[in-house]
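Heads up, the thing below is written out as structure tokens.
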Amino acid sequence: MIKKRVSAKKKARELAKYFRAERSEYAYLKSLFQHLRSELEIEVPKPSKKPPYVPTEKELKRYYEVV
């Protein structure tokens with residue numbers, strides 16, 4: 001049995017009804033969603049760090065010949 005997921009836009013409208021009455025500011029909502037993610041055990045994916053580009057010996061020699 002597969003349950004259909006409600007679209008993000010519809011869910012946002014539902015949540016907006018609650019938060020509009022509270023007149024919540026950005027910092028409060030940010031904190032709230034951080035706690036919600038931890039409660040649901042959802043991890044934020046971290047961007048992978050690429051190593052810096054290191055030119056080859058040939059490229060370095062060619063660069064210094066020009067300079």
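Each chain of the structure tokens is named A, B, ... in the order shown, its residues numbered from 1; ligands are numbered from 1 in display order.
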Among chain A, which residues carry a DSSP assignment of helix (DSSP H, G or I), reported as a PyMOL selection string? chain A and resi 8-22+26-39+57-66
For the atom pair CA of Glu41 in chain A and CA of Lys9 in chain A, what is the interatomic distance in Å to one decimal place? 22.5 Å
